[in-house]
Structures are given as C-alpha cells and as structure tokens.
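> Contents are mmCIF, C-alpha atoms and all ligand atoms; file name entry29.cif:
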```
data_query
#
loop_
_atom_site.group_PDB
_atom_site.id
_atom_site.type_symbol
_atom_site.label_atom_id
_atom_site.label_comp_id
_atom_site.auth_asym_id
_atom_site.auth_seq_id
_atom_site.Cartn_x
_atom_site.Cartn_y
_atom_site.Cartn_z
ATOM 1 C CA MET A 8 -2.258 10.870 35.000
ATOM 2 C CA SER A 9 -5.476 9.118 34.144
ATOM 3 C CA VAL A 10 -6.394 7.264 31.011
ATOM 4 C CA PRO A 11 -9.895 7.290 29.535
ATOM 5 C CA GLY A 12 -10.445 3.556 29.621
ATOM 6 C CA PRO A 13 -9.308 0.316 31.201
ATOM 7 C CA GLU A 14 -6.944 -0.408 28.306
ATOM 8 C CA GLY A 15 -4.122 1.926 29.157
ATOM 9 C CA SER A 16 -1.286 0.252 27.310
ATOM 10 C CA ALA A 17 -3.378 -1.206 24.508
ATOM 11 C CA PRO A 18 -1.714 -1.268 21.110
ATOM 12 C CA ARG A 19 -2.957 1.327 18.698
ATOM 13 C CA CYS A 20 -3.658 1.346 14.994
ATOM 14 C CA VAL A 21 -0.520 2.185 13.065
ATOM 15 C CA ILE A 22 -2.567 4.222 10.596
ATOM 16 C CA CYS A 23 -4.929 6.415 12.594
ATOM 17 C CA GLY A 24 -3.910 5.725 16.189
ATOM 18 C CA LYS A 25 -7.183 4.240 17.379
ATOM 19 C CA PRO A 26 -7.189 1.121 19.583
ATOM 20 C CA GLN A 27 -6.479 -1.973 17.542
ATOM 21 C CA VAL A 28 -9.104 -4.583 16.838
ATOM 22 C CA ALA A 29 -8.000 -8.185 17.126
ATOM 23 C CA ARG A 30 -9.672 -9.011 13.849
ATOM 24 C CA PHE A 31 -7.775 -6.346 11.927
ATOM 25 C CA ARG A 32 -4.505 -6.212 13.823
ATOM 26 C CA PRO A 33 -2.339 -4.280 13.699
ATOM 27 C CA PHE A 34 -5.083 -1.960 12.525
ATOM 28 C CA CYS A 35 -8.386 -0.774 13.937
ATOM 29 C CA SER A 36 -10.481 -1.572 10.910
ATOM 30 C CA LYS A 37 -10.389 -3.044 7.451
ATOM 31 C CA ARG A 38 -10.217 0.440 6.026
ATOM 32 C CA CYS A 39 -6.924 1.174 7.749
ATOM 33 C CA ALA A 40 -5.632 -2.224 6.650
ATOM 34 C CA ASN A 41 -6.417 -1.332 3.048
ATOM 35 C CA ILE A 42 -4.699 2.019 3.420
ATOM 36 C CA ASP A 43 -1.529 0.317 4.558
ATOM 37 C CA LEU A 44 -1.853 -2.256 1.782
ATOM 38 C CA ASN A 45 -2.226 0.439 -0.863
ATOM 39 C CA ARG A 46 0.853 2.206 0.454
ATOM 40 C CA TRP A 47 2.810 -0.999 0.215
ATOM 41 C CA LEU A 48 1.575 -1.737 -3.302
ATOM 42 C CA LYS A 49 2.397 1.755 -4.533
ATOM 43 C CA GLY A 50 5.862 1.444 -3.115
ATOM 44 C CA ALA A 51 6.303 -1.936 -4.748
ATOM 45 C CA TYR A 52 5.092 -0.883 -8.174
ATOM 46 C CA ALA A 53 6.685 2.551 -8.256
ATOM 47 C CA VAL A 54 9.934 2.642 -10.158
ATOM 48 C CA PRO A 55 12.384 5.152 -8.696
ATOM 49 C CA GLY A 56 14.011 7.634 -11.043
ATOM 50 C CA ARG A 57 11.895 6.911 -14.077
ATOM 51 C CA PRO A 58 9.158 9.093 -15.539
ATOM 52 C CA GLU A 59 5.960 7.577 -16.813
ATOM 53 C CA ASP A 60 6.632 7.999 -20.502
ATOM 54 C CA GLU A 61 5.441 5.292 -22.807
ATOM 55 C CA GLU A 62 6.367 5.027 -26.448
ATOM 56 C CA GLU A 63 3.614 4.240 -28.867
ATOM 57 C CA GLY A 64 4.113 2.626 -32.226
ATOM 58 C CA GLY A 65 6.541 -0.015 -33.302
ATOM 59 C CA ALA A 66 10.125 1.107 -33.551
ATOM 60 C CA LEU A 67 11.161 -2.435 -34.269
ATOM 61 C CA PRO A 68 11.189 -3.606 -37.908
ATOM 62 C CA PRO A 69 8.437 -5.978 -39.005
ATOM 63 C CA THR A 70 9.343 -9.581 -38.671
ATOM 64 C CA SER A 71 9.234 -11.605 -41.865
ATOM 65 C CA ALA A 72 8.019 -15.139 -41.605
ATOM 66 C CA LYS A 73 9.514 -16.038 -44.947
ATOM 67 C CA GLY A 74 12.200 -18.593 -44.887
HETATM 68 ZN ZN ZN B 101 -7.030 2.821 12.146
#
```
For the file at hand, write its structure as structure tokens.
Ligand SMILES: [Zn+2]

Amino acid sequence: MSVPGPEGSAPRCVICGKPQVARFRPFCSKRCANIDLNRWLKGAYAVPGRPEDEEEGGALPPTSAKG
C-alpha cells in the first residue's frame, strides 16, 4: 500500500477529513472550526422535547403600584 504523501499517519480534520492544519487543529481550516462550533452551539441551545411555541400578550394581571 502506498500513501499519496509523506504524511501517512497525519491527523485529519474531524469535519471533512482533510489533513489538519496546526493553526486550526483539530480542523483543516477556520471554516471547519466554525462548523463544529455551530453544531455545538445548536446542541447547547436546543431544548429537547419542547416545541418552539411562544405566547404573546400578557396573561398576568397588571401590577398596581398603589399602596
Ligand atoms: Zn476540514
């Protein structure tokens, strides 16, 4: 078996599989780094088992400042 390049066992980008770049490890470029970041953010903000349904208007009674 022959590998197309001197870096046979070089680590690869976890997003697209291209050879990693030291500057953007463990990715190959800033773009792939952003992709991974967006995935993480979506996972962090997403609330499981809850539809995006917002209520508009004020169901709560108006607060009276009289005292
Ligand atoms: Zn990549």
> Can you translate the PyMOL selection byres (((not hetatm)) within 12 of (chain B and resi 101)) into the concrete residues it hits in this file, as a list of chain:residue names?
A:Pro18, A:Arg19, A:Cys20, A:Val21, A:Ile22, A:Cys23, A:Gly24, A:Lys25, A:Pro26, A:Gln27, A:Val28, A:Phe31, A:Arg32, A:Pro33, A:Phe34, A:Cys35, A:Ser36, A:Lys37, A:Arg38, A:Cys39, A:Ala40, A:Asn41, A:Ile42, A:Asp43
> Distance CA of Arg46 (chain A)-CA of Ser16 (chain A), one decimal place?
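A separation of 27.0 Å between them.
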> Enclose all atoms of region 21-26 of chain A listed in the file in an axis-aligned box, grow every side by 5 Å, and hand back centre and edge lengths in Å to one decimal, as AutoDock Vina command-line options.

```
--center_x -3.9 --center_y 3.8 --center_z 15.1 --size_x 16.7 --size_y 15.3 --size_z 19.0
```
